[in-house]
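Step one of this worksheet: look at the structure below.
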Amino acid sequence: MALKGFAGFAIRKVGAACITVFAIVCANFVIFRLVPGDPLRMMFKDPRVSAEQMQLVRERFGLDKPLGEQFLHYLRELAHGNLGISFWQKRPALDVIADRVPQTLLLIVTALIIAVILGTILGAIAGWKMGTRTDSVILTIALSLYSIPAFCMGIILMLIFAFQLSIFPLGGISTAASGFTGFEYWKDVAWHMFLPALCVVFWYGGEYVLLTRSAMVDALGQDYIITARAKGLKESAILKNHALRNALLPVVTITGVNLAFAVAGIIEVETVFSWPGIGRLVYDAVMKRDYPVLQATFLVFAVAIVLANLVVDLIYGYIDPRIKVGGEE
Amino acid sequence: MTKLLHGLSSVKGFVMLLWTNKMGRFGLIIFAVFAVIAIFAPFLHTVDPSATGSCENMLVPPCAQFWFGTDDLARDIWSQVIYGSRISLLVGFVAAGLTILVGTLVGIIAGFYGGKIEEVLMRIVDFFMMLPQLPLMIILAAVLGPSIWNIIFVVSVVSWPTTARVVRSQVLSIRERAFIEASRCIGASDSLLMFGEIFPNVVPIIFAQSVLIVTEAIYAEAVLAFLGLGDPTTVSWGMMLHFAFESGVMSRTPNWIVPPVASIVVLIIGFTFLGTAVSDVLKPGYRETRGL
Amino acid sequence: MALLEVRNLKIYYFTREGVVKAVDGISFSVSEDETLGLIGESGCGKTTAVFSILRFVVPPGRIVGGEIIFEGRDIIPLSDEEMRLLRGEGIAMVFQGAQNALNPVMTVGKQISEVILEHESITKEEAWERAKSQLELVGIGSERVNSYPHEFSGGMKQRVMVAIATACNPRLLIMDEPVTGLDVIVQRQLLALTNSLREKMRLPIIFITHDLSVIAETCDNVAVMYAGKIVEKGDTVSLYKDPLHPYSKGLIGSYPSVRGEKKELKSIPGAPPRLINPPVGCRFYPRCPYAMDICEIEEPELKNVGDNRLVACHLIK
């Protein structure tokens, strides 16, 4: 190993991420050509696609040229940030997506922070009290919440709190034409965000309970816990310094992988609650058969996940002494 | 491991083993109920679920004729829910079968041969596992067009890598055991080793994995259909919810959305519990602690 | 007055299959300048017995009878908090398999100073200095105070364990198979360290092992355990020279002597009994080459045969 320590580790990780991004870019090219024959064939079937749009697509992909040249053309366009023109909105797909990013980030970051904190705490409690009644109650609820599809959870919450009790709005991000400004506006947004965020918290939090619990059970079974007990440490110190610190490492690694699942949650929840983010955009693009936008969202999601994983890997490498010095996992 | 195999040699023995587990019992009951519903669908007060009716039968509230009322095209909701179980179970089991087939094959080949073959196969697996599953399924389903077989294909495409990875790591540990070496000494061929010696040892893992994949496939069908990528020629729970959402009247028709949501949730929770139970009972030492 | 006195200790595991009598009425004592060896095959209850001295008995296990008197006070009825204060400070322990006995995400300095801070009212800086001198004491060198366990070899990790265990100057040290799994040279070094510590700190030690040579090198007295019972006890030299109990004979006969005459190595045929339904009479009866009729019916008592030697066997009058 030429490079030792954290720098070497980081460089290897960044290199691997670059290769993965390139593979995703290629896959994105291939998927669109999976259909036998002309990729435009499927659009001919759709009466909503006009001749003008057809021409746009033809230019975008250079479909009259050989595959290799098409691929180079695709890469060149991509390098300039051109992910195609939205059929539906008649403007660059990337712009369409960019408009939606803040809303999605607002919802998902808020919900994920709450979910991770609550899930980790409850999971740690369940693991610490393994085999007790507390544990089985937490475990059963978490497993149920985690397994219920996010869109079903969304519909259930909507049915109860929006339709029956009418204490939360049906959807959207703010009350239309309300003229709210400043604090009033943000209060209105928070009120709209409550149900979709709760939905993500339930579903994602449930998973974190399961993850933390099993990591905790695993850590508690290790010999170093007995060592800590033999030192005569207080239970709280054993929990905090020995069990939890070791249990959190696998939980952190999983966070990166989990973002792929979080994306599914975003699409489902935003669709149910008409939250104007990227997830809802995917649904709208499906309904409008807006392929360039669909492809662009896939690319954005995939690359975002690779980058997030990279960040998590680097954090993990930084906090786990075994990786920092050894250089090898 | 021999004990596990012994348990699996009879399906009855394994079901009995699951029955000793609380979650397993719960899952088995739910699965049995839905299986019975799916099989006997025509005899359960149903009509053709996709048959549209006359205008006066649109959006009828629950009554003696339409137990759960009708939707905006005057289709009987009860019949749609009952027949929907067929689609969910069909997609679940066929997709799981396909996934297990591909995943196991890749896992065994990678684990058995090692070296370059393993490296290449596992790189592909890692790449697939990195991709966001739902967007990938959506884009594939959108490109391939709406049909139940495309959904099954799409689900299999995103789920096989997990199986391949799990099977491979199991094969790696089996490969080192003495009996493989012994079989090689008496001149067994590679394929005999892989499918005669190694395969029986990965069966328990595959079994646990397949329950998970059935669950995922049922979920995937429901969510794709809900997002408007379902097969328009069939009736599924996800499709029902999609139509209810698009109708714009769903705030007034809980009888239209509660039955499919409840069905999806109960079936998926049932399978999740079953999956948890299967991996619990397959853990070494389970029988011992139960005194079995 | 002995430092530690264990009287008729019984620890049973209440499992679904039945009651496992892991430790069934053992008695022994350790005086203030003594090193006691506890030897036996794995599963004979020796680890369960010493774990109970720190009251590490987890369900389904339970101490069902007897007394563990440390410095004149029975520790079995102590509250959890009183027991916690005694651990690490009064009685310390070094565990088997140091590979996993150290916390992988904490520096060794922190792991040593942690125990000092818990039991003594000193500042963090003082504790840190103490941690450094502990590392020097076990021959590692204070400059490694900021290292993590994975940067150490197996032998060094076990030295760190010793540094942790002796950090608060405990009055009794328990070492549970401390050298198992280490290679022979590292074993020797660690035993040499143990011996020098014992002399320097005048530290009484209970040494648990299945390795006869380890006992021979470190212990004044030795107790042989078989199936939850002590079958023979005496000073190391005379017990090695002249084992009286058939099991001790077998144990010593099955061990090669480095110097001295070439004996034929014998292994003891059979396996230890399952402790759920132990034999009614002598527990060694099924494997004993000298078994008599009485051995099947009546359990032999531990009798003093003079010269501080105790044996539980019907053969010995």
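The chains in the structure tokens are called A, B, ... from first to last as shown; in each chain the residues are counted from 1, and the ligands are counted from 1 in the order shown.
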At most 10 Å to chain A: residues in chain C, only C-alpha atoms, as a short mmCIF file (atom, residue, chain, number, x, y, z; two decimals) with C-alpha atoms, in the first residue's frame:
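Done, and the output landed in result.cif:
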data_model
loop_
_atom_site.label_atom_id
_atom_site.label_comp_id
_atom_site.auth_asym_id
_atom_site.auth_seq_id
_atom_site.Cartn_x
_atom_site.Cartn_y
_atom_site.Cartn_z
CA PHE C 51 -16.94 -15.16 38.04
CA LEU C 54 -17.17 -10.66 41.23
CA ARG C 55 -20.84 -11.67 41.34
CA PHE C 56 -20.93 -12.06 37.57
CA GLU C 81 -23.83 -0.53 44.22
CA GLU C 82 -21.63 -1.94 47.00
CA MET C 83 -20.58 -4.73 44.68
CA ARG C 84 -19.75 -2.26 41.92
CA LEU C 85 -17.47 -0.30 44.26
CA LEU C 86 -15.66 -3.49 45.15
CA ARG C 87 -15.03 -4.49 41.52
CA GLY C 88 -11.79 -3.14 40.12
CA GLU C 89 -10.88 -1.62 43.48
CA GLY C 90 -10.90 -4.63 45.84
CA ILE C 91 -11.07 -7.53 43.41
CA ALA C 92 -9.82 -7.21 39.84
CA MET C 93 -9.92 -9.62 36.98
CA VAL C 94 -7.99 -10.40 33.81
CA PHE C 95 -10.05 -12.25 31.24
CA GLN C 96 -9.43 -14.92 28.73
CA GLY C 97 -8.91 -13.74 25.15
CA ALA C 98 -7.64 -10.19 25.39
CA GLN C 99 -8.36 -9.82 21.67
CA ASN C 100 -11.89 -8.75 22.46
CA ALA C 101 -11.61 -7.78 26.10
CA LEU C 102 -10.44 -4.26 25.27
CA ASN C 103 -12.77 -1.64 23.85
CA PRO C 104 -11.67 -1.15 20.20
CA VAL C 105 -12.65 2.52 19.99
CA MET C 106 -10.96 3.81 23.13
CA THR C 107 -7.27 4.51 23.68
CA GLN C 111 -9.20 2.50 29.42
CA ILE C 112 -6.66 2.41 32.23
CA GLU C 114 -11.12 5.17 33.53
CA VAL C 115 -10.94 2.61 36.32
CA ILE C 116 -8.72 4.84 38.48
CA LEU C 117 -11.08 7.80 38.09
CA GLU C 118 -14.00 5.61 39.06
CA HIS C 119 -12.53 4.47 42.36
CA SER C 147 -2.63 3.92 21.07
CA TYR C 148 -5.72 1.90 20.27
CA PRO C 149 -5.96 -1.80 21.08
CA HIS C 150 -5.75 -2.89 17.43
CA GLU C 151 -2.24 -1.45 17.27
CA MET C 161 -5.42 -5.97 30.64
CA ILE C 164 -6.03 -2.16 33.93
CA ALA C 165 -6.60 -4.84 36.54
CA ALA C 167 -4.36 0.05 38.30
CA CYS C 168 -6.23 0.53 41.60
#
Near chain B, which residues of chain A fall within 6 Å when you count only C-alpha atoms, and what do they look like as a PyMOL selection string?
-> chain A and resi 147-148+152+163+260+264+298+302
Write the residues you've just listed into a file as a JSON list (two decimals), in the first residue's frame, and include N, CA, C and O atoms for each of them.
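Done, and the output landed in result28.json:
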[["chain", "number", "residue", "atom", "x", "y", "z"],
["A", 147, "SER", "N", -42.16, -1.73, 8.36],
["A", 147, "SER", "CA", -42.60, -2.55, 7.23],
["A", 147, "SER", "C", -43.79, -1.95, 6.48],
["A", 147, "SER", "O", -44.01, -2.27, 5.33],
["A", 148, "ILE", "N", -44.55, -1.07, 7.13],
["A", 148, "ILE", "CA", -45.67, -0.45, 6.41],
["A", 148, "ILE", "C", -45.11, 0.46, 5.32],
["A", 148, "ILE", "O", -44.31, 1.35, 5.61],
["A", 152, "CYS", "N", -48.60, 3.99, 2.17],
["A", 152, "CYS", "CA", -49.75, 3.51, 2.95],
["A", 152, "CYS", "C", -49.84, 4.27, 4.28],
["A", 152, "CYS", "O", -50.91, 4.70, 4.70],
["A", 163, "PHE", "N", -58.71, 14.06, 6.75],
["A", 163, "PHE", "CA", -60.11, 13.85, 6.34],
["A", 163, "PHE", "C", -61.05, 13.84, 7.53],
["A", 163, "PHE", "O", -62.03, 14.58, 7.57],
["A", 260, "ALA", "N", -30.51, 5.34, 0.00],
["A", 260, "ALA", "CA", -31.20, 4.79, -1.16],
["A", 260, "ALA", "C", -32.65, 4.49, -0.80],
["A", 260, "ALA", "O", -33.55, 4.69, -1.61],
["A", 264, "ALA", "N", -36.83, 6.34, -1.76],
["A", 264, "ALA", "CA", -38.14, 5.72, -1.98],
["A", 264, "ALA", "C", -39.19, 6.41, -1.11],
["A", 264, "ALA", "O", -40.29, 6.72, -1.56],
["A", 298, "PHE", "N", -33.50, 10.31, -11.94],
["A", 298, "PHE", "CA", -32.77, 9.08, -11.60],
["A", 298, "PHE", "C", -31.28, 9.38, -11.42],
["A", 298, "PHE", "O", -30.65, 8.95, -10.45],
["A", 302, "ALA", "N", -29.23, 9.00, -7.97],
["A", 302, "ALA", "CA", -28.14, 8.03, -7.90],
["A", 302, "ALA", "C", -26.83, 8.71, -7.51],
["A", 302, "ALA", "O", -26.10, 8.23, -6.63]]
Among the residues of range 220-308 of chain A, find those DSSP assigns to alpha helix (DSSP H) from the backbone and print them as an MDAnalysis selection string.
-> chainID A and resid 220 223:230 235:237 245:272 278:287 291:308
What residues in chain C lie within 10 Å of chain B, counting only C-alpha atoms, written as a ChimeraX atom specification?
-> /C:15-18
Prev. selection, C-alpha atoms, output as an mmCIF file, in the first residue's frame:
data_model
loop_
_atom_site.group_PDB
_atom_site.id
_atom_site.type_symbol
_atom_site.label_atom_id
_atom_site.label_comp_id
_atom_site.auth_asym_id
_atom_site.auth_seq_id
_atom_site.Cartn_x
_atom_site.Cartn_y
_atom_site.Cartn_z
ATOM 1 C CA THR C 15 -32.499 -23.937 31.781
ATOM 2 C CA ARG C 16 -35.488 -25.316 29.934
ATOM 3 C CA GLU C 17 -33.846 -28.693 29.828
ATOM 4 C CA GLY C 18 -33.313 -28.824 33.546
#
Å distance separating CA of Leu203 in chain C from CA of Thr35 in chain C, one decimal place = 8.4 Å
Could you state the separation of CA of Trp19 in chain B and CA of Ile213 in chain B in Å, given to one decimal place?
->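 Atom-to-atom, CA of Trp19 in chain B and CA of Ile213 in chain B are spaced 20.9 Å apart.
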Distance query range 30-37 of chain B at most 7 Å, only C-alpha atoms, self and fewer than 3 positions along chain excluded, as a list in words |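 Counting only the stated atoms, we get Phe26, Gly27, Phe40, Ala41, Ile82, Ser85, Leu267 and Gly270 of chain B.
Within the 10 Å cut-off around Leu248 in chain A, using only C-alpha atoms and omitting residues fewer than 3 positions from it on the same chain, the listed residues are A:Thr120, A:Ala124, A:Leu211, A:Thr212, A:Ala215, A:Met216, A:Ala219, A:Ala243, A:Leu244, A:Arg245, A:Val251, A:Val252, A:Thr253, A:Ile254.
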Residue nearest Leu106 in chain A among A:Phe22, A:Ile173, A:Trp203, A:Val282 (counting only C-alpha atoms) |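 Closest to Leu106 in chain A, using only C-alpha atoms: A:Ile173.
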Which neighbours of Pro269 in chain C fall inside 10 Å, counting only C-alpha atoms, when residues of the same chain fewer than 4 positions from it are skipped, and could you give them as a PyMOL selection string?
-> chain C and resi 250+286-289
Write a file of the just-selected residues containing C-alpha atoms, as a PDB file, in the first residue's frame.
ATOM      1  CA  GLY C 250      -5.016 -38.839  34.820  1.00  0.00           C
ATOM      2  CA  PRO C 286     -17.942 -43.524  34.879  1.00  0.00           C
ATOM      3  CA  ARG C 287     -14.406 -42.686  33.728  1.00  0.00           C
ATOM      4  CA  CYS C 288     -12.455 -43.930  36.722  1.00  0.00           C
ATOM      5  CA  PRO C 289     -10.100 -46.895  36.213  1.00  0.00           C
TER       6      PRO C 289
END
From the list C:Glu199, C:Glu125, C:Glu232, C:Asp24, the nearest residue to Thr218 in chain C using only C-alpha atoms is C:Glu199
Would you list the contacts of Ile198 in chain B as a list of chain:residue names, taking every protein, DNA or RNA residue within 10 Å and counting only C-alpha atoms, but skipping same-chain residues closer than 6 positions in sequence?
->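 In the requested format, the answer is B:Ile108, B:Phe112, B:Gln170, B:Val171, B:Leu172, B:Ile174, B:Arg175, B:Phe179, B:Ile180, B:Ser191, B:Leu192.
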